[in-house]
Amino acid sequence: MNSNKKFRTKNKRAAVRAPRRTPVEALNPRQQIVGAPLVGLVRDYDARARALSLRLEEPLSVGDSVRVKGKDTDLTQRVERLSVGRRSVQSALAGETAAFEIADRVRVGDAVYKVRRS
(Lines give C-alpha, C1' and ligand atoms only; values in the text may rest on other atoms or scores of the structure.)
Protein backbone atom coordinates (compact mmCIF):
# COMPACT_ATOMS: atom_id res chain seq x y z
CA MET A 1 0.00 0.00 0.00
CA ASN A 2 1.30 3.45 -0.92
CA SER A 3 1.52 5.61 2.24
CA ASN A 4 2.07 8.81 0.25
CA LYS A 5 -1.63 9.00 -0.57
CA LYS A 6 -2.49 9.91 3.01
CA PHE A 7 -0.36 13.03 2.98
CA ARG A 8 -1.15 14.28 -0.48
CA THR A 9 -2.80 17.69 -0.31
CA LYS A 10 -4.91 19.42 -2.86
CA ASN A 11 -4.21 22.88 -4.11
CA LYS A 12 -6.24 25.00 -1.69
CA ARG A 13 -6.11 28.20 -3.69
CA ALA A 14 -9.50 29.75 -4.05
CA ALA A 15 -10.73 30.23 -7.58
CA VAL A 16 -10.77 33.88 -8.61
CA ARG A 17 -14.33 34.93 -9.27
CA ALA A 18 -15.51 37.89 -11.25
CA PRO A 19 -16.65 40.62 -8.85
CA ARG A 20 -20.37 41.10 -8.42
CA ARG A 21 -21.41 44.28 -10.20
CA THR A 22 -23.62 46.87 -8.55
CA PRO A 23 -26.74 47.31 -10.68
CA VAL A 24 -27.47 50.86 -11.82
CA GLU A 25 -30.94 50.61 -10.30
CA ALA A 26 -29.33 50.24 -6.85
CA LEU A 27 -27.74 53.69 -7.12
CA ASN A 28 -29.55 56.88 -6.25
CA PRO A 29 -29.82 59.20 -9.30
CA ARG A 30 -27.69 61.74 -7.38
CA GLN A 31 -24.89 59.15 -7.20
CA GLN A 32 -24.82 58.30 -10.90
CA ILE A 33 -22.26 59.69 -13.34
CA VAL A 34 -22.89 58.85 -16.99
CA GLY A 35 -19.87 57.49 -18.84
CA ALA A 36 -17.56 57.00 -15.83
CA PRO A 37 -16.78 53.45 -14.68
CA LEU A 38 -18.02 52.63 -11.18
CA VAL A 39 -15.07 51.55 -9.02
CA GLY A 40 -17.26 50.53 -6.08
CA LEU A 41 -19.33 51.68 -3.13
CA VAL A 42 -17.80 52.95 0.11
CA ARG A 43 -17.90 50.12 2.66
CA ASP A 44 -16.17 51.87 5.54
CA TYR A 45 -14.81 55.30 6.41
CA ASP A 46 -12.23 55.98 9.12
CA ALA A 47 -12.51 59.63 10.19
CA ARG A 48 -9.20 59.61 12.12
CA ALA A 49 -7.14 58.23 9.26
CA ARG A 50 -9.32 59.97 6.66
CA ALA A 51 -9.41 56.75 4.67
CA LEU A 52 -12.17 54.87 2.94
CA SER A 53 -12.38 51.23 1.99
CA LEU A 54 -14.33 49.65 -0.82
CA ARG A 55 -14.65 46.40 -2.74
CA LEU A 56 -13.37 47.13 -6.24
CA GLU A 57 -15.48 46.47 -9.32
CA GLU A 58 -12.78 47.94 -11.60
CA PRO A 59 -8.98 47.90 -11.24
CA LEU A 60 -7.54 50.94 -9.44
CA SER A 61 -3.96 52.27 -9.40
CA VAL A 62 -2.00 54.97 -7.61
CA GLY A 63 -2.32 58.15 -9.66
CA ASP A 64 -5.87 57.48 -10.87
CA SER A 65 -8.41 60.24 -10.32
CA VAL A 66 -11.55 59.22 -8.47
CA ARG A 67 -14.81 60.98 -7.78
CA VAL A 68 -16.86 60.14 -4.71
CA LYS A 69 -20.51 61.01 -5.23
CA GLY A 70 -23.34 60.60 -2.79
CA LYS A 71 -26.37 62.32 -1.32
CA ASP A 72 -24.27 64.99 0.42
CA THR A 73 -20.85 64.23 -1.07
CA ASP A 74 -19.22 65.29 -4.33
CA LEU A 75 -15.44 65.09 -4.21
CA THR A 76 -12.76 64.56 -6.87
CA GLN A 77 -9.15 63.72 -6.06
CA ARG A 78 -6.13 61.64 -7.05
CA VAL A 79 -5.27 58.35 -5.33
CA GLU A 80 -1.96 59.04 -3.54
CA ARG A 81 -1.59 55.79 -1.55
CA LEU A 82 -3.43 52.54 -2.05
CA SER A 83 -3.49 49.55 0.27
CA VAL A 84 -4.94 46.06 0.12
CA GLY A 85 -5.20 44.57 3.57
CA ARG A 86 -2.21 46.02 5.39
CA ARG A 87 0.08 46.02 2.33
CA SER A 88 0.77 49.18 0.40
CA VAL A 89 0.38 48.47 -3.33
CA GLN A 90 0.66 50.32 -6.64
CA SER A 91 -2.50 48.80 -8.11
CA ALA A 92 -5.42 46.64 -6.99
CA LEU A 93 -7.54 44.29 -9.07
CA ALA A 94 -11.30 44.01 -9.32
CA GLY A 95 -12.71 41.91 -6.50
CA GLU A 96 -10.17 43.05 -3.89
CA THR A 97 -11.01 45.22 -0.90
CA ALA A 98 -8.82 48.32 -1.09
CA ALA A 99 -8.38 51.45 1.01
CA PHE A 100 -7.01 54.90 0.28
CA GLU A 101 -6.84 58.30 1.92
CA ILE A 102 -9.53 60.84 1.12
CA ALA A 103 -9.48 64.62 1.64
CA ASP A 104 -13.01 65.08 3.00
CA ARG A 105 -15.70 63.15 4.84
CA VAL A 106 -17.56 60.46 2.89
CA ARG A 107 -20.43 58.22 3.88
CA VAL A 108 -20.93 54.48 3.67
CA GLY A 109 -22.78 53.74 0.44
CA ASP A 110 -21.35 56.66 -1.55
CA ALA A 111 -20.39 55.70 -5.11
CA VAL A 112 -16.74 55.93 -6.21
CA TYR A 113 -16.01 56.46 -9.93
CA LYS A 114 -12.80 56.55 -11.93
CA VAL A 115 -12.61 59.81 -13.87
CA ARG A 116 -10.19 61.48 -16.25
CA ARG A 117 -8.64 64.75 -15.21
CA SER A 118 -9.07 67.48 -17.78
# chains A, B, ... in the order shown; residues from 1 in each chain; ligands from 1
$ residues_around --residues "A:Thr97" --least-positions-apart "4" --cutoff "8 Å" --atoms "only C-alpha atoms" --output "number ranges by chain"
A: 53-56, 84-85
$ residues_around --residues "A:Asp74" --least-positions-apart "4" --cutoff "12 Å" --atoms "only C-alpha atoms" --output "PyMOL selection string"
chain A and resi 30-33+66-70+102-107+110-113
$ atom_distance --atom1 "atom CA of A:Arg87" --atom2 "atom CA of A:Lys114"
21.9 Å
$ closest_residue --among "A:Val108, A:Arg78, A:Ala51, A:Ser91" --to "A:Gly63" --atoms "only C-alpha atoms"
A:Arg78
$ atom_distance --atom1 "atom CA of A:Lys71" --atom2 "atom CA of A:Leu93"
27.2 Å
$ atom_distance --atom1 "atom CA of A:Ser61" --atom2 "atom CA of A:Ala47"
22.6 Å
$ closest_residue --among "A:Val115, A:Leu60, A:Val79, A:Leu52" --to "A:Ala99" --atoms "only C-alpha atoms"
A:Leu52
$ closest_residue --among "A:Gly109, A:Arg21, A:Ala49, A:Glu58" --to "A:Ala94" --atoms "only C-alpha atoms"
A:Glu58
$ closest_residue --among "A:Asp64, A:Ala98, A:Ser83, A:Gln90" --to "A:Leu41" --atoms "only C-alpha atoms"
A:Ala98
$ closest_residue --among "A:Pro59, A:Asp46, A:Ser65, A:Val39" --to "A:Ala92" --atoms "only C-alpha atoms"
A:Pro59
